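The structure under discussion appears below in the form of structure tokens.
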Amino acid sequence: MRGRAKPPAAPLPQRSGVDPVRVRLPQDPVGAWPTVRDHLLDRFGGAIGAGRVEAMLAEGRFVGADGVAVGADEPYTAGRHLWFHRDFAPEAPVPFPVGVVHRDEHVVVADKPHFLATTPRGRHITETAVARLRAHLGIAELQPAHRLDRLTAGLVLFVVRPEERGAYQTLFRDRLVRKEYEAVAPYDPEVALPRTVRNRIVKERGVMAARVEPGEANSESRIELLGHRAGLGRYRLLPATGRTHQLRVHMNALGLPLVHDPVYPAVLPEPEPGREDYTRPLQLLARVLEFTDPVTGRPHRFESGLRLSAWPDR
């Protein structure tokens, strides 16, 4: 079976580290779209308004593979590719830098701060680790090999060359990366540690909190106590699987919810844009990444330079 042809390269550069949107015009067997304008209004008018689509066409915001602006009345051609840049809503800058722990010709290992998303999603587009790193390092094709929750700080592995991304993603898929996290949560002498937590975690799209359900376990984490003082414990968390919110769910299931967790045990109202309380970061840090490089064969061990504010002077 013949594979799908690779789409042409984008004729537009990135903007603020974010790629342009590519649109492939679909087949139109009934002739519903005589012109490009008709299709774009049908496709995007409901989301951003017909007036905004018209304005973008007038401004030459939609371009073809040759980089030339598309005319509103150009005949519709199925299979054609168009590109445009989305309008970014203003985003409050996350007031912490993205550190670079390691950089070579294959990978970048970044130290992501709390509150910064890894990749564009929802209302976080330009204020993301990948957008910042692309702009700062000048690596337009940089892509993450995995993701870290926006509220979690620590190490994220990025891939420099698109053709090598699959090899690094496979490391995470096949559990060939040793990940070590650090957390601060209440201390309870009645909770016997170390222990391994296994259960079935279900996370529904559009629902903030994941939940534990009966059934075959799909998640596993080892929990170790490193020390305790003043009613708080410092914990080492070693996930064997990578379910959404897994470590937070497992700690909460032990009666040890992480300090400043806005979801577990209770979902708190999400702050309005620009009103995030940066003085109360979730006390969870991706501290260590350890793996054998699938491209070079070299062993790697990286450690975060960040610290959790609820456990100072460790």
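By convention here, the chains of the structure tokens are called A, B, ... in the order presented, each chain's residues are numbered starting at 1, and ligands are numbered starting at 1 in the order presented.
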If you count only C-alpha atoms, which residues fall within 8 Å of A:Arg150, apart from same-chain ones fewer than 5 positions away, as a PyMOL selection string?
chain A and resi 114-118
Write out the residues from the selection above, keeping N, CA and C atoms, as a PDB file, in the first residue's frame.
```pdb
ATOM      1  N   HIS A 114       7.776  25.546  37.059  1.00  0.00           N
ATOM      2  CA  HIS A 114       6.354  25.403  37.338  1.00  0.00           C
ATOM      3  C   HIS A 114       5.560  26.438  36.528  1.00  0.00           C
ATOM      4  N   PHE A 115       4.306  26.102  36.210  1.00  0.00           N
ATOM      5  CA  PHE A 115       3.332  26.985  35.564  1.00  0.00           C
ATOM      6  C   PHE A 115       3.521  27.140  34.058  1.00  0.00           C
ATOM      7  N   LEU A 116       4.581  26.588  33.486  1.00  0.00           N
ATOM      8  CA  LEU A 116       4.818  26.730  32.055  1.00  0.00           C
ATOM      9  C   LEU A 116       4.461  25.417  31.358  1.00  0.00           C
ATOM     10  N   ALA A 117       3.539  25.481  30.396  1.00  0.00           N
ATOM     11  CA  ALA A 117       3.165  24.285  29.634  1.00  0.00           C
ATOM     12  C   ALA A 117       4.345  23.821  28.783  1.00  0.00           C
ATOM     13  N   THR A 118       4.389  22.529  28.485  1.00  0.00           N
ATOM     14  CA  THR A 118       5.445  21.996  27.635  1.00  0.00           C
ATOM     15  C   THR A 118       5.200  22.366  26.180  1.00  0.00           C
TER      16      THR A 118
END
```
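Near stretch 271-277 of chain A, within 10 Å and counting only C-alpha atoms, sit Pro90, Glu91, Ala92, Pro93, Val94, Phe115, Arg123 and His124 of chain A, not including residues fewer than 5 positions from it in the same chain.
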Enumerate, in order of chain and increasing residue number, the residues of stretch 98-207 of chain A with an atom no farther than 9 Å from stretch 238-247 of chain A, each with its shortest atom pair and distance in Å to one decimal, counting only C-alpha atoms, as a Markdown table.
```
| residue | atom | partner | partner_atom | distance |
| --- | --- | --- | --- | --- |
| A:Asp149 | CA | A:His245 | CA | 7.9 |
| A:Phe172 | CA | A:Gly242 | CA | 8.6 |
| A:Arg173 | CA | A:Gly242 | CA | 8.8 |
| A:Arg175 | CA | A:Ala240 | CA | 7.1 |
| A:Arg178 | CA | A:Leu238 | CA | 8.0 |
| A:Lys179 | CA | A:Leu238 | CA | 6.3 |
| A:Glu180 | CA | A:Leu238 | CA | 5.1 |
| A:Tyr181 | CA | A:Leu238 | CA | 6.4 |
| A:Glu182 | CA | A:Leu238 | CA | 8.9 |
| A:Ile201 | CA | A:Arg243 | CA | 7.2 |
| A:Val202 | CA | A:Arg243 | CA | 8.6 |
| A:Lys203 | CA | A:Thr244 | CA | 7.0 |
```
Go through A:Pro97, A:Pro29, A:Pro294, A:Pro257 and flag the residue nearest A:Ala110, using only C-alpha atoms for the distances.
A:Pro97
Separation of atom CA of A:Arg222 and atom CA of A:Tyr235, in Å?
10.1 Å
Which distance in Å separates atom CA of A:Leu308 and atom CA of A:Val130, to one decimal?
22.6 Å
Members of stretch 45-259 of chain A assigned strand (DSSP E) by DSSP, as a PyMOL selection string:
chain A and resi 81-84+99-103+107-112+143-144+153-159+178-186+195-202+211-213+219-229+232-239
Let's see if you can do this: from backbone DSSP, list all alpha helix (DSSP H) residues in stretch 181-266 of chain A, as a list in words.
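These are the residues in question: Gln246, Leu247, Arg248, Val249, His250, Met251, Asn252 and Ala253 of chain A.
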